[in-house]
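Below is one structure, written out as structure tokens, with a few remarks after it.
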Amino acid sequence: MASIITPWIFFIQILAIASSSEAKVSAVIAFGDSFVDTGNNNYIPTLAKSNFDPYGRDFPGGTPTGRFCNGRLHPDFISEGFGLKPIIPAYLDPKFSISDFATGVSFGSASTGYDNATSDLLKVIPLWKEVEYYKEYQEKLRAHLGDKKANEVISGALYLINIGTNDFILNYFGVPRRRSHFTVQQYQDFLIGIAENFVKQIYSLGARKLSLISLLPLGCFPVERTMNIKKPLDCLEDRNKAALEFNGKLKAAVAKLSKNLPGLKVFFADAYELLFQLITRPSNYGFEVVEKGCCGTGLLETAVLCNPHTPFTCPDAEKYVFWDSIHPSQRTNKIVADELLPLLKQQFL
Ligand SMILES: *[C@@H]1O[C@H](CO)[C@@H](O)[C@H](O)[C@H]1NC(C)=O
């Protein structure tokens, strides 16, 4: 008997050693807007909420969580892909504690932006306040794990930063204030300056593995197509152009930061082209509808306008690139995560 069992035990030991010595990310920590907000806005007074049906109808248990989606967001899938939990809890959610947050947490707030004037529009959490919450989190983590272990979590975590969409679609192109003071190029530069300061700030707090996600083709979001008066339901080219230019500047800023800050790895996660492919060649990916979201007419509804009484909501969101007029469906989020995961693993494991 022993002669048969022993090689197996030996084999299992080898596997155990191989997996324990494998590099890991300790946690997935998200900053930004609705693309990463897993429920923080439920706990602040704002209209930018989604903790009601039909949001979350394809989430485990069919529960609306405050995610702006029918299901999970891309950070949830990325966390799972790194062998961490499949659901990233929201920092303000009292159902979770620091022991949950030790392996992943989101500070994201739907409708926020780099620009304080953007977060002011719907009274959501500004980026600087997300950083304040992150500092508070670090204190709680140190109290919970001790300094040494807490520092390992902080420096070993993967930070997913997804922000900037609302600075353009809600703020710059939505209300006149910034447009009357900045050209779109000047506004991009203003936002890039804030992005650089933000990275420097969380670097000084101990973050080392950062992924800044690009803007998507904003002009092809259903809500933007709805506003296209000249060519009804076509993408708004000026929004796409603004996003592409911003992405080019962000990419350059990321390269500079990686070079100048010792020990910091920042990755520019470009999802623009992938989304553009989904939107222009939907059938290649099994999608049937791109011009409108699943919720309601799909032309305008998001947040409180996408609610249990909204008529015409589609029966199968899997066929839609967008869940509501601004936010990708769960299937799109999964496709984005699947595309980014190998790149993130290559960078950070
Ligand atoms: C945003 O507001 C915070 C808090 O008032 C302030 O510290 C920060 O400098 C502001 N950011 C910009 C870019 O003005």
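Scheme for the structure tokens: letters A, B, ... for chains in order shown; per-chain residue numbers from 1; ligand numbers from 1 in order shown.
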
* Asked: Out of segment 55-215 of chain A, which residues get alpha helix (DSSP H) from DSSP, as number ranges by chain?
  -> A: 74-81, 98-101, 116-121, 127-145, 147-156, 165-166, 176-181, 184-204

* To do: Step by step, measure atom-to-atom distances between ligand 1 and each residue using only C-alpha atoms and all ligand atoms, keep those at most 12 Å, then write them as a PyMOL selection string.
  => chain A and resi 112-120+125-132+187+189-198

Atoms to include: C-alpha atoms. Write the selected residues as an mmCIF file, in the first residue's frame.
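Generated file (result-v4.cif):
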```cif
data_model
loop_
_atom_site.group_PDB
_atom_site.id
_atom_site.type_symbol
_atom_site.label_atom_id
_atom_site.label_comp_id
_atom_site.auth_asym_id
_atom_site.auth_seq_id
_atom_site.Cartn_x
_atom_site.Cartn_y
_atom_site.Cartn_z
ATOM 1 C CA THR A 112 -18.187 60.741 -9.540
ATOM 2 C CA GLY A 113 -15.258 62.053 -11.557
ATOM 3 C CA TYR A 114 -11.706 63.329 -11.293
ATOM 4 C CA ASP A 115 -13.162 66.846 -11.194
ATOM 5 C CA ASN A 116 -14.803 67.919 -7.912
ATOM 6 C CA ALA A 117 -17.391 69.760 -10.012
ATOM 7 C CA THR A 118 -18.457 66.393 -11.472
ATOM 8 C CA SER A 119 -19.100 64.725 -8.115
ATOM 9 C CA ASP A 120 -20.957 67.889 -7.011
ATOM 10 C CA ILE A 125 -18.376 60.890 -3.199
ATOM 11 C CA PRO A 126 -15.571 62.974 -4.720
ATOM 12 C CA LEU A 127 -12.291 61.232 -5.537
ATOM 13 C CA TRP A 128 -10.469 63.026 -2.702
ATOM 14 C CA LYS A 129 -13.036 61.592 -0.265
ATOM 15 C CA GLU A 130 -12.513 58.092 -1.670
ATOM 16 C CA VAL A 131 -8.870 58.586 -0.683
ATOM 17 C CA GLU A 132 -9.933 59.708 2.809
ATOM 18 C CA TYR A 187 -10.130 69.913 -19.773
ATOM 19 C CA ASP A 189 -5.099 68.101 -19.339
ATOM 20 C CA PHE A 190 -6.808 69.358 -16.175
ATOM 21 C CA LEU A 191 -8.152 65.850 -15.487
ATOM 22 C CA ILE A 192 -4.788 64.213 -16.224
ATOM 23 C CA GLY A 193 -3.181 66.496 -13.635
ATOM 24 C CA ILE A 194 -5.716 65.278 -11.047
ATOM 25 C CA ALA A 195 -5.110 61.659 -12.111
ATOM 26 C CA GLU A 196 -1.355 62.065 -11.626
ATOM 27 C CA ASN A 197 -1.812 63.595 -8.185
ATOM 28 C CA PHE A 198 -4.169 60.803 -7.219
#
```

* To do: Extract, using only C-alpha atoms, all DNA, RNA and protein residues at most 8 Å from segment 46-63 of chain A, discarding same-chain residues fewer than 6 positions from it, and format them as a list in words.
  => Gly39, Cys69, Asn70, Gly71, Arg72, Ala110, Ser111, Leu122, Lys123, Val124, Cys295, Ala303, Val304, Cys306, Asn307 and Pro308 of chain A

* Work out how far apart atom CA of Gly156 of chain A and atom CA of Ser26 of chain A are and give it in Å to one decimal. => 5.1 Å

* To do: Go through A:Tyr272, A:Phe287, A:Phe68, A:Tyr43 and flag the residue nearest Asp93 of chain A, using only C-alpha atoms for the distances.
  =>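 Result for the nearest residue to Asp93 of chain A: A:Tyr43.
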
* Any idea what's packed within 12 Å of Lys200 of chain A, counting only C-alpha atoms, ignoring anything in its chain fewer than 2 positions away? Could you give it as number ranges by chain? -> A: 131, 193-198, 202-208, 210, 253-254, 256-258, 260-262, 264-266

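Computed from the coordinates, the atom CA of Ala90 of chain A to atom CA of Ser109 of chain A distance equals 9.4 Å.
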
* Determine, counting only C-alpha atoms, which protein, DNA and RNA residues have an atom within 12 Å of an atom of Gln277 of chain A; residues of the same chain fewer than 2 positions away are not included. Present the result as a ChimeraX atom specification. => /A:216-217,220,271-275,279-285,287,290,321,332,335-336

Saved selection, atoms kept: N, CA, C and O atoms, as a PDB file, in the first residue's frame:
```pdb
ATOM      1  N   LEU A 216     -14.093  54.428 -22.348  1.00  0.00           N
ATOM      2  CA  LEU A 216     -14.701  53.612 -23.402  1.00  0.00           C
ATOM      3  C   LEU A 216     -15.167  54.557 -24.527  1.00  0.00           C
ATOM      4  O   LEU A 216     -15.088  55.786 -24.367  1.00  0.00           O
ATOM      5  N   PRO A 217     -15.658  54.023 -25.630  1.00  0.00           N
ATOM      6  CA  PRO A 217     -16.197  54.910 -26.670  1.00  0.00           C
ATOM      7  C   PRO A 217     -17.486  55.580 -26.186  1.00  0.00           C
ATOM      8  O   PRO A 217     -18.593  55.108 -26.425  1.00  0.00           O
ATOM      9  N   CYS A 220     -20.753  56.270 -28.093  1.00  0.00           N
ATOM     10  CA  CYS A 220     -21.614  55.149 -28.503  1.00  0.00           C
ATOM     11  C   CYS A 220     -22.469  54.633 -27.352  1.00  0.00           C
ATOM     12  O   CYS A 220     -23.193  53.646 -27.520  1.00  0.00           O
ATOM     13  N   ALA A 271      -9.447  49.456 -22.734  1.00  0.00           N
ATOM     14  CA  ALA A 271     -10.635  48.681 -23.109  1.00  0.00           C
ATOM     15  C   ALA A 271     -11.431  49.381 -24.209  1.00  0.00           C
ATOM     16  O   ALA A 271     -12.490  48.909 -24.605  1.00  0.00           O
ATOM     17  N   TYR A 272     -10.910  50.512 -24.702  1.00  0.00           N
ATOM     18  CA  TYR A 272     -11.657  51.277 -25.718  1.00  0.00           C
ATOM     19  C   TYR A 272     -11.907  50.434 -26.962  1.00  0.00           C
ATOM     20  O   TYR A 272     -13.039  50.304 -27.433  1.00  0.00           O
ATOM     21  N   GLU A 273     -10.821  49.857 -27.487  1.00  0.00           N
ATOM     22  CA  GLU A 273     -10.908  49.143 -28.758  1.00  0.00           C
ATOM     23  C   GLU A 273     -11.809  47.910 -28.621  1.00  0.00           C
ATOM     24  O   GLU A 273     -12.613  47.622 -29.507  1.00  0.00           O
ATOM     25  N   LEU A 274     -11.678  47.211 -27.494  1.00  0.00           N
ATOM     26  CA  LEU A 274     -12.535  46.037 -27.277  1.00  0.00           C
ATOM     27  C   LEU A 274     -14.009  46.434 -27.309  1.00  0.00           C
ATOM     28  O   LEU A 274     -14.823  45.807 -27.994  1.00  0.00           O
ATOM     29  N   LEU A 275     -14.357  47.499 -26.560  1.00  0.00           N
ATOM     30  CA  LEU A 275     -15.756  47.939 -26.559  1.00  0.00           C
ATOM     31  C   LEU A 275     -16.202  48.374 -27.951  1.00  0.00           C
ATOM     32  O   LEU A 275     -17.328  48.096 -28.379  1.00  0.00           O
ATOM     33  N   ILE A 279     -19.297  46.931 -30.092  1.00  0.00           N
ATOM     34  CA  ILE A 279     -20.348  47.829 -30.577  1.00  0.00           C
ATOM     35  C   ILE A 279     -20.483  47.759 -32.095  1.00  0.00           C
ATOM     36  O   ILE A 279     -21.592  47.853 -32.625  1.00  0.00           O
ATOM     37  N   THR A 280     -19.350  47.593 -32.789  1.00  0.00           N
ATOM     38  CA  THR A 280     -19.422  47.613 -34.257  1.00  0.00           C
ATOM     39  C   THR A 280     -19.597  46.219 -34.866  1.00  0.00           C
ATOM     40  O   THR A 280     -20.058  46.094 -35.989  1.00  0.00           O
ATOM     41  N   ARG A 281     -19.194  45.174 -34.115  1.00  0.00           N
ATOM     42  CA  ARG A 281     -19.367  43.807 -34.632  1.00  0.00           C
ATOM     43  C   ARG A 281     -20.018  42.923 -33.575  1.00  0.00           C
ATOM     44  O   ARG A 281     -19.453  41.897 -33.165  1.00  0.00           O
ATOM     45  N   PRO A 282     -21.213  43.323 -33.119  1.00  0.00           N
ATOM     46  CA  PRO A 282     -21.830  42.615 -31.977  1.00  0.00           C
ATOM     47  C   PRO A 282     -22.034  41.114 -32.219  1.00  0.00           C
ATOM     48  O   PRO A 282     -21.850  40.321 -31.292  1.00  0.00           O
ATOM     49  N   SER A 283     -22.376  40.751 -33.454  1.00  0.00           N
ATOM     50  CA  SER A 283     -22.705  39.338 -33.679  1.00  0.00           C
ATOM     51  C   SER A 283     -21.481  38.437 -33.480  1.00  0.00           C
ATOM     52  O   SER A 283     -21.622  37.275 -33.112  1.00  0.00           O
ATOM     53  N   ASN A 284     -20.264  38.985 -33.662  1.00  0.00           N
ATOM     54  CA  ASN A 284     -19.054  38.186 -33.399  1.00  0.00           C
ATOM     55  C   ASN A 284     -18.977  37.732 -31.945  1.00  0.00           C
ATOM     56  O   ASN A 284     -18.261  36.799 -31.624  1.00  0.00           O
ATOM     57  N   TYR A 285     -19.661  38.463 -31.075  1.00  0.00           N
ATOM     58  CA  TYR A 285     -19.599  38.171 -29.648  1.00  0.00           C
ATOM     59  C   TYR A 285     -20.934  37.645 -29.121  1.00  0.00           C
ATOM     60  O   TYR A 285     -21.131  37.534 -27.920  1.00  0.00           O
ATOM     61  N   PHE A 287     -23.821  39.177 -29.379  1.00  0.00           N
ATOM     62  CA  PHE A 287     -24.754  40.246 -28.996  1.00  0.00           C
ATOM     63  C   PHE A 287     -25.699  40.564 -30.157  1.00  0.00           C
ATOM     64  O   PHE A 287     -25.343  40.385 -31.322  1.00  0.00           O
ATOM     65  N   VAL A 290     -27.056  46.908 -29.679  1.00  0.00           N
ATOM     66  CA  VAL A 290     -26.011  47.811 -29.192  1.00  0.00           C
ATOM     67  C   VAL A 290     -26.472  49.263 -29.046  1.00  0.00           C
ATOM     68  O   VAL A 290     -25.907  50.008 -28.258  1.00  0.00           O
ATOM     69  N   VAL A 321     -25.252  44.697 -25.331  1.00  0.00           N
ATOM     70  CA  VAL A 321     -23.944  45.194 -24.885  1.00  0.00           C
ATOM     71  C   VAL A 321     -24.136  46.074 -23.647  1.00  0.00           C
ATOM     72  O   VAL A 321     -23.343  46.038 -22.713  1.00  0.00           O
ATOM     73  N   THR A 332     -20.981  42.001 -20.994  1.00  0.00           N
ATOM     74  CA  THR A 332     -19.908  42.884 -21.463  1.00  0.00           C
ATOM     75  C   THR A 332     -18.821  43.006 -20.390  1.00  0.00           C
ATOM     76  O   THR A 332     -17.626  42.930 -20.696  1.00  0.00           O
ATOM     77  N   ILE A 335     -16.643  40.023 -20.481  1.00  0.00           N
ATOM     78  CA  ILE A 335     -15.754  40.023 -21.658  1.00  0.00           C
ATOM     79  C   ILE A 335     -14.566  40.973 -21.418  1.00  0.00           C
ATOM     80  O   ILE A 335     -13.421  40.645 -21.721  1.00  0.00           O
ATOM     81  N   VAL A 336     -14.854  42.138 -20.833  1.00  0.00           N
ATOM     82  CA  VAL A 336     -13.780  43.086 -20.515  1.00  0.00           C
ATOM     83  C   VAL A 336     -12.808  42.468 -19.516  1.00  0.00           C
ATOM     84  O   VAL A 336     -11.581  42.509 -19.700  1.00  0.00           O
TER      85      VAL A 336
END
```

* Polymer residues at most 10 Å from segment 227-244 of chain A, only C-alpha atoms, same-chain spacing of 6 or more positions, as a PyMOL selection string -> chain A and resi 164-165+168-169+173+184-185+187-188+214-221+250+272-273+276+279+291-292+299-300

* Give the strand (DSSP E or B) residues of segment 158-248 of chain A, as DSSP finds them on the backbone, and put them as a PyMOL selection string. => chain A and resi 158-162+209-213

* Using only C-alpha atoms, which residues sit within 9 Å of Ser99 of chain A once same-chain residues fewer than 5 positions away are excluded, as a list in words? ->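 Answer for this query is Leu141, His144 and Leu145 of chain A.
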
* To do: Would you mind reading off the distance between atom CA of Ile326 of chain A and atom CA of Thr297 of chain A, one decimal, in Å?
  =>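 The value is 12.7 Å.
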